[in-house]
Every structure is written in structure tokens, then in C-alpha cells.
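The file data-v4.tsv comes next; it holds TSV, C-alpha atoms.
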```
chain	number	residue	atom	x	y	z
A	1	MET	CA	14.36	-6.41	7.30
A	2	TYR	CA	12.25	-3.75	5.58
A	3	LYS	CA	15.25	-2.27	3.78
A	4	GLU	CA	15.97	-5.70	2.26
A	5	LEU	CA	12.35	-6.35	1.30
A	6	PHE	CA	11.48	-2.97	-0.23
A	7	ASN	CA	13.75	-1.20	-2.74
A	8	VAL	CA	13.27	2.46	-1.79
A	9	LYS	CA	15.30	3.88	-4.70
A	10	LEU	CA	13.33	1.92	-7.29
A	11	GLN	CA	10.08	2.78	-5.50
A	12	ASP	CA	10.87	6.50	-5.81
A	13	GLU	CA	11.78	6.11	-9.48
A	14	MET	CA	8.59	4.14	-10.12
A	15	GLU	CA	6.31	6.67	-8.45
A	16	SER	CA	8.03	9.54	-10.29
A	17	TYR	CA	7.55	7.83	-13.65
A	18	PHE	CA	3.91	6.99	-13.00
A	19	LEU	CA	3.12	10.56	-11.89
A	20	LYS	CA	5.21	12.62	-14.30
A	21	LYS	CA	5.32	10.48	-17.43
A	22	LEU	CA	2.48	7.98	-17.48
A	23	ALA	CA	-0.37	9.83	-15.75
A	24	PRO	CA	-0.38	12.73	-18.30
A	25	LYS	CA	-1.05	10.19	-21.07
A	26	GLY	CA	-4.30	9.05	-19.46
A	27	LYS	CA	-7.73	10.49	-18.77
A	28	ILE	CA	-8.10	12.06	-15.32
A	29	LYS	CA	-11.25	11.18	-13.39
A	30	VAL	CA	-12.33	12.31	-9.93
A	31	PHE	CA	-13.52	9.69	-7.44
A	32	ARG	CA	-15.12	10.73	-4.16
A	33	LYS	CA	-14.49	9.12	-0.80
A	34	ASN	CA	-16.23	5.74	-0.35
A	35	THR	CA	-16.47	5.15	-4.11
A	36	ILE	CA	-15.89	1.55	-5.18
A	37	ILE	CA	-13.96	1.02	-8.43
A	38	ASP	CA	-14.67	-2.36	-10.01
A	39	PRO	CA	-13.39	-2.32	-13.62
A	40	VAL	CA	-15.28	-4.44	-16.14
A	41	ASP	CA	-12.15	-5.37	-18.12
A	42	SER	CA	-8.36	-5.54	-17.91
A	43	ASP	CA	-7.55	-2.90	-20.51
A	44	ASN	CA	-6.44	-0.01	-18.30
A	45	ILE	CA	-3.79	0.98	-15.76
A	46	TYR	CA	-4.95	3.34	-13.00
A	47	VAL	CA	-2.53	5.90	-11.54
A	48	PHE	CA	-3.28	7.70	-8.26
A	49	VAL	CA	-2.51	11.37	-8.95
A	50	GLU	CA	-4.17	12.57	-5.74
A	51	GLY	CA	-6.03	10.97	-2.86
A	52	GLU	CA	-5.90	7.55	-1.27
A	53	GLY	CA	-7.57	4.15	-1.40
A	54	TYR	CA	-6.94	0.47	-1.01
A	55	GLN	CA	-7.39	-2.81	-2.86
A	56	THR	CA	-9.58	-5.43	-1.25
A	57	LEU	CA	-11.61	-8.60	-1.70
A	58	ILE	CA	-15.17	-8.97	-0.42
A	59	SER	CA	-16.83	-12.35	0.15
A	60	SER	CA	-20.43	-13.20	-0.70
A	61	ASP	CA	-21.38	-12.86	2.99
A	62	GLY	CA	-19.86	-9.39	3.26
A	63	LYS	CA	-16.50	-10.16	4.84
A	64	GLU	CA	-13.59	-8.09	3.61
A	65	LYS	CA	-9.82	-8.54	3.30
A	66	LEU	CA	-7.64	-5.51	2.61
A	67	PHE	CA	-4.38	-6.11	0.71
A	68	PHE	CA	-2.71	-2.87	-0.39
A	69	ASN	CA	-3.01	0.79	0.46
A	70	LEU	CA	-2.87	3.09	-2.56
A	71	TYR	CA	-1.68	6.68	-2.58
A	72	ARG	CA	-0.12	9.31	-4.85
A	73	GLY	CA	2.24	7.71	-7.36
A	74	THR	CA	0.99	4.14	-6.98
A	75	ILE	CA	-1.10	2.17	-9.44
A	76	PHE	CA	-3.64	-0.61	-9.65
A	77	GLY	CA	-4.85	-2.82	-12.48
A	78	GLU	CA	-1.34	-3.84	-13.54
A	79	MET	CA	-1.78	-7.55	-12.71
A	80	ASP	CA	-5.06	-7.72	-14.62
A	81	TYR	CA	-3.49	-5.76	-17.47
A	82	PHE	CA	-0.55	-8.12	-18.06
A	83	GLU	CA	-2.62	-11.26	-17.46
A	84	GLU	CA	-5.30	-9.83	-19.80
A	85	GLU	CA	-7.96	-11.14	-17.42
A	86	ARG	CA	-10.09	-9.22	-14.93
A	87	THR	CA	-9.90	-10.64	-11.40
A	88	CYS	CA	-12.06	-10.15	-8.34
A	89	SER	CA	-10.17	-7.43	-6.44
A	90	ILE	CA	-11.81	-4.03	-6.15
A	91	THR	CA	-10.53	-0.61	-5.14
A	92	LYS	CA	-12.10	1.55	-2.43
A	93	ILE	CA	-11.45	5.28	-2.24
A	94	THR	CA	-10.73	6.48	1.31
A	95	LYS	CA	-9.82	10.07	0.43
A	96	ASP	CA	-11.17	12.06	-2.54
A	97	ALA	CA	-8.97	11.05	-5.46
A	98	LYS	CA	-7.88	12.03	-8.94
A	99	ILE	CA	-6.92	8.97	-10.95
A	100	SER	CA	-5.40	8.85	-14.42
A	101	ILE	CA	-6.81	6.00	-16.49
A	102	VAL	CA	-4.34	4.89	-19.17
A	103	ASN	CA	-5.76	2.63	-21.87
A	104	ARG	CA	-4.06	-0.39	-23.41
A	105	LYS	CA	-3.31	1.21	-26.80
A	106	THR	CA	-1.54	4.14	-25.14
A	107	LEU	CA	0.46	1.99	-22.76
A	108	GLU	CA	1.48	-0.54	-25.41
A	109	GLU	CA	2.90	2.31	-27.49
A	110	GLU	CA	4.80	3.56	-24.46
A	111	LEU	CA	6.18	0.09	-23.68
A	112	LEU	CA	7.36	-0.38	-27.27
A	113	LYS	CA	9.23	2.93	-27.20
A	114	LYS	CA	10.60	2.54	-23.68
A	115	PRO	CA	10.90	-1.15	-22.76
A	116	HIS	CA	12.89	-0.30	-19.62
A	117	ILE	CA	9.68	0.90	-17.96
A	118	TYR	CA	8.55	-2.73	-17.64
A	119	ARG	CA	10.80	-2.66	-14.59
A	120	TYR	CA	8.46	-0.24	-12.82
A	121	PHE	CA	5.43	-2.45	-13.36
A	122	LEU	CA	7.40	-5.49	-12.19
A	123	HIS	CA	8.44	-3.56	-9.10
A	124	SER	CA	4.84	-2.61	-8.35
A	125	ILE	CA	3.73	-6.26	-8.61
A	126	THR	CA	6.73	-7.55	-6.62
A	127	ARG	CA	6.18	-5.00	-3.86
A	128	LYS	CA	2.56	-6.09	-3.50
A	129	TYR	CA	3.58	-9.74	-3.40
A	130	ARG	CA	6.08	-8.98	-0.64
A	131	LEU	CA	3.47	-7.07	1.36
A	132	ILE	CA	1.18	-10.11	1.20
A	133	MET	CA	4.12	-12.34	2.18
A	134	VAL	CA	4.95	-10.20	5.23
A	135	ASN	CA	1.31	-9.97	6.31
A	136	SER	CA	0.83	-13.72	5.94
A	137	ALA	CA	3.97	-14.45	7.98
A	138	ASP	CA	2.96	-11.98	10.69
A	139	SER	CA	-0.44	-13.63	11.10
A	140	GLN	CA	1.27	-17.02	11.51
A	141	PHE	CA	4.18	-16.01	13.75
A	142	ASN	CA	2.74	-13.23	15.95
A	143	ASP	CA	-0.05	-12.64	18.42
A	144	ALA	CA	-2.34	-9.61	17.95
A	145	ILE	CA	0.03	-7.12	19.60
A	146	GLY	CA	2.93	-8.44	17.52
A	147	MET	CA	0.87	-8.16	14.33
A	148	VAL	CA	-0.05	-4.55	15.09
A	149	ALA	CA	3.56	-3.71	16.00
A	150	SER	CA	4.85	-5.24	12.77
A	151	PHE	CA	2.20	-3.47	10.71
A	152	ILE	CA	3.15	-0.09	12.22
A	153	LEU	CA	6.84	-0.71	11.60
A	154	HIS	CA	6.51	-1.64	7.96
A	155	MET	CA	3.99	1.12	7.19
A	156	VAL	CA	6.24	3.75	8.75
A	157	TYR	CA	9.22	2.39	6.82
A	158	LEU	CA	7.34	2.44	3.53
A	159	GLN	CA	6.28	6.05	4.13
A	160	ASN	CA	9.56	7.40	5.51
A	161	ASN	CA	12.18	5.07	3.95
A	162	GLU	CA	13.74	4.57	7.38
A	163	LEU	CA	13.00	3.78	11.00
A	164	LYS	CA	14.30	5.99	13.78
A	165	ASN	CA	13.33	7.36	17.18
A	166	ASP	CA	12.34	10.95	16.55
A	167	ASN	CA	9.43	13.10	15.43
A	168	SER	CA	9.98	12.34	11.74
A	169	THR	CA	8.62	8.81	12.19
A	170	ILE	CA	5.01	9.64	11.44
A	171	MET	CA	2.51	7.27	9.84
A	172	ARG	CA	-0.10	8.60	7.44
A	173	ASN	CA	-3.52	8.36	9.07
A	174	ILE	CA	-4.76	4.79	8.74
A	175	THR	CA	-7.97	3.93	10.55
A	176	HIS	CA	-8.40	1.06	12.99
A	177	GLU	CA	-10.94	-0.36	10.54
A	178	GLU	CA	-8.32	-0.48	7.75
A	179	MET	CA	-5.81	-2.11	10.09
A	180	SER	CA	-8.44	-4.67	11.09
A	181	LEU	CA	-9.19	-5.51	7.45
A	182	ARG	CA	-5.49	-5.81	6.64
A	183	LEU	CA	-4.54	-7.95	9.64
A	184	GLY	CA	-7.64	-10.13	9.85
A	185	ILE	CA	-8.34	-9.30	13.49
A	186	SER	CA	-11.30	-7.42	14.96
A	187	ARG	CA	-11.43	-3.64	15.12
A	188	THR	CA	-11.84	-3.90	18.91
A	189	THR	CA	-8.62	-5.92	19.13
A	190	VAL	CA	-6.76	-3.34	17.03
A	191	THR	CA	-8.02	-0.53	19.28
A	192	ASN	CA	-7.00	-2.43	22.42
A	193	CYS	CA	-3.51	-3.03	21.00
A	194	ILE	CA	-3.08	0.64	20.03
A	195	ASN	CA	-4.24	1.77	23.47
A	196	HIS	CA	-1.79	-0.64	25.11
A	197	LEU	CA	1.10	0.70	23.02
A	198	LYS	CA	0.14	4.26	23.93
A	199	LYS	CA	-0.16	3.43	27.64
A	200	GLU	CA	3.30	1.83	27.57
A	201	GLY	CA	4.80	4.95	25.98
A	202	ILE	CA	5.80	3.07	22.83
A	203	ILE	CA	3.70	5.16	20.43
A	204	SER	CA	1.70	8.36	20.56
A	205	ILE	CA	-1.03	9.92	18.39
A	206	ILE	CA	-0.50	13.46	17.11
A	207	ASN	CA	-3.17	15.12	14.96
A	208	ARG	CA	-4.63	11.68	14.12
A	209	SER	CA	-1.23	10.43	12.92
A	210	LEU	CA	0.95	7.90	14.69
A	211	LYS	CA	4.47	8.46	16.00
A	212	ILE	CA	6.87	5.83	17.29
A	213	ASP	CA	8.35	6.94	20.62
A	214	ASP	CA	10.35	3.80	21.41
A	215	ILE	CA	11.28	1.85	18.32
A	216	ASN	CA	13.35	-0.74	20.20
A	217	ARG	CA	10.43	-1.75	22.41
A	218	LEU	CA	8.08	-1.79	19.43
A	219	GLU	CA	10.43	-4.07	17.50
A	220	SER	CA	10.75	-6.37	20.52
A	221	LEU	CA	7.01	-7.11	20.39
A	222	ARG	CA	7.15	-8.86	17.04
A	223	ASN	CA	8.46	-12.35	16.39
A	224	THR	CA	11.27	-11.78	13.89
A	225	TYR	CA	11.80	-14.11	10.96
A	226	TRP	CA	14.42	-12.24	8.92
```
Take the structure in the file and write it out as C-alpha cells.
Amino acid sequence: MYKELFNVKLQDEMESYFLKKLAPKGKIKVFRKNTIIDPVDSDNIYVFVEGEGYQTLISSDGKEKLFFNLYRGTIFGEMDYFEEERTCSITKITKDAKISIVNRKTLEEELLKKPHIYRYFLHSITRKYRLIMVNSADSQFNDAIGMVASFILHMVYLQNNELKNDNSTIMRNITHEEMSLRLGISRTTVTNCINHLKKEGIISIINRSLKIDDINRLESLRNTYW
């Protein structure tokens, strides 16, 4: 399923272009952990050179919904940029970050010279759409344990480009709070699900990172739709 939904080769090409070609054309700024980035306009593309964060929406009564995790080689602001309208999503920094801010004049010149790079921006937008699609389907088709199992599987695939039963299947540290915000279930429920998976010998935690010990059992917990 994940192989069909996420083009790993194009993802690698995209991240390489953003890091090696586009980021040097922008202005590098440092953002500390817990910083909120809420651009006032749609005239820039933001490239993660170092660090991590995520894009989210926050309601007037303080509720939050996490959509995408951001890390080295990924971008944000591309949907606003091409729509030429600022929307309501914000970016939170979860690990001290260096971000290259590329302005509209610079990027328009780059797009005119190299129109093939539109493909990378389209891939970034398509990938985010597919992540929302998968998350929405999981919330409809699965119970809490199935949602957590599916989340672990697709995050590990996105980070490792494959799923297999050995020590290489490690997930970058993602907190229970982030999982709760992404899945729309309580942090307590996420913790209970993780503890259940550990107790059953399906996953284990090593140095605050997650390893799949029995991928077949983990996959059996989710209601498949592909």
C-alpha cells in the first residue's frame, strides 16, 4: 500500500533538490524549539535545512490538529505560494531548526529557467494530500489500536522506504502528544495503545525510538482498504 501511495524515488529527488539547489538561494534563519511560524503573506517557500517541526491548525478554543511532520529536505508554504493566498495553517518547531526562506522573485526566476522543478512542488503537495487521505481513512475504518498501528507503519515506511522485520525498521522519535494531535485521539489512548503493542511483543522502544518486532501482527491490527 505505502509503496503505491508514496513515490520514494521522486521523494529523494525532491529533497535533494530542495536542500542542494533551492535552499542556498534563500536566507537561512534559526528557529528554536517551540517557536511558532505564522507567515503574514504567501510570498516565500520555507526549506528545512536542519531540525524538525510540523504543520498544524489551532481552533479558537485551543484545540489542535496536526497534519504533516517536517524534517530535513521538506518544505512548507508551497500551497500558499502557488495559490497566492495565505491560509490558516501554522508551523511549530519541535527540534531546533535552520530554515532557508526563498522569496518569490528568486523562485520565479528559478522556475522560468528550470520548469521541470515544478514537479517537485507538485510532489510535495500531492504527498501531503495523500497523508491526509490515509489519516482520514484510518480514523473512519479503524479503532484506536488500528489507527496507531497504521500510523506507525506509514511513518516507518516514509522514513526507511521499506517495511521489514529487523533492526533497521526504526521510527524517528515522535512523541505521544504528536501522535495524539495527528490521529485525533487522546494522549492517554495513544500511550495505552503503545503499551499494549509493547506488551504483546509487536514493537519495542530503543533509545526513545520505535522498532517493529513483528510486522505481520502489526499489519493485522489495521483494517486494510488498499
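Residues in contact range of Met147 in chain A, defined as at most 8 Å between only C-alpha atoms, with sequence neighbours fewer than 3 positions away removed, read Asp138, Ser139, Asn142, Asp143, Ala144, Ser150, Phe151, Leu183 and Arg222 of chain A.
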Checklist entry - Taking (8.1, 3.9, -9.7) in the file's coordinates as the center, which residues reach within 8 Å of it, counting all atoms listed in the file, put as a ChimeraX atom specification? => result /A:10-18,73-74,120-121,123-124
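With distances restricted to only C-alpha atoms, A:Tyr46 is the closest residue to Asp80 in chain A from A:Tyr157, A:Tyr46, A:Phe141, A:Phe67.
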Item to check | Pairwise distance for CA of Glu78 in chain A and CA of Pro24 in chain A, rounded to one decimal in Å | outcome: 17.3 Å
Checklist entry - So how far away is CA of Ile117 in chain A from CA of Ile99 in chain A, in Å? => result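 Value for the CA of Ile99 in chain A-CA of Ile117 in chain A distance: 19.7 Å.
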Item to check | Which of A:Leu131, A:Ile58, A:Val156, A:Leu111 sits closest to Ile212 in chain A [using only C-alpha atoms] | outcome: A:Val156
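Ranking A:Ser186, A:Asp43, A:His154, A:Arg217 by their shortest atom-to-atom distance to Gly201 in chain A, with all atoms listed in the file included, puts A:Arg217 first.
The closest residue to Met155 in chain A, picked from A:Glu108, A:Asn103, A:Leu197, A:Lys211 and counting only C-alpha atoms, is A:Lys211.
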Checklist entry - Which residue, A:Glu200, A:Gly77, A:Arg72, A:Lys128, has the smallest gap to Ile101 in chain A when you use all atoms listed in the file? => result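 Comparing A:Glu200, A:Gly77, A:Arg72, A:Lys128 against Ile101 in chain A, the winner is A:Gly77.
The closest residue to Leu122 in chain A, picked from A:Met79, A:Ala149, A:Leu70, A:Ile174 and counting all atoms listed in the file, is A:Met79.
Residues surrounding Leu107 in chain A within 10 Å are Leu22, Lys25, Gly26, Asp43, Asn44, Ile45, Val102, Asn103, Arg104, Glu110, Leu111, Leu112 and Lys113 of chain A [only C-alpha atoms; sequence separation below 3 positions excluded].
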Centre, edges in Å (one decimal): axis-aligned box, range 29-35 of chain A, 8 Å padding on all six sides, as JSON:
```
{"center_x": -13.9, "center_y": 8.7, "center_z": -6.9, "size_x": 21.2, "size_y": 23.2, "size_z": 29.0}
```
Item to check | Atomic separation - CA of Leu57 in chain A relative to CA of Lys92 in chain A, Å | outcome: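 Between CA of Lys92 in chain A and CA of Leu57 in chain A the gap works out to 10.2 Å.
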Next on the checklist: Can you pull out the residues contacting Leu181 in chain A? Cut-off 12 Å, using all atoms listed in the file, and skip same-chain residues under 2 positions away; I want them as a VMD selection string.
Outcome noted: chain A and resid 54 to 58 63 to 69 135 148 174 to 179 183 to 190
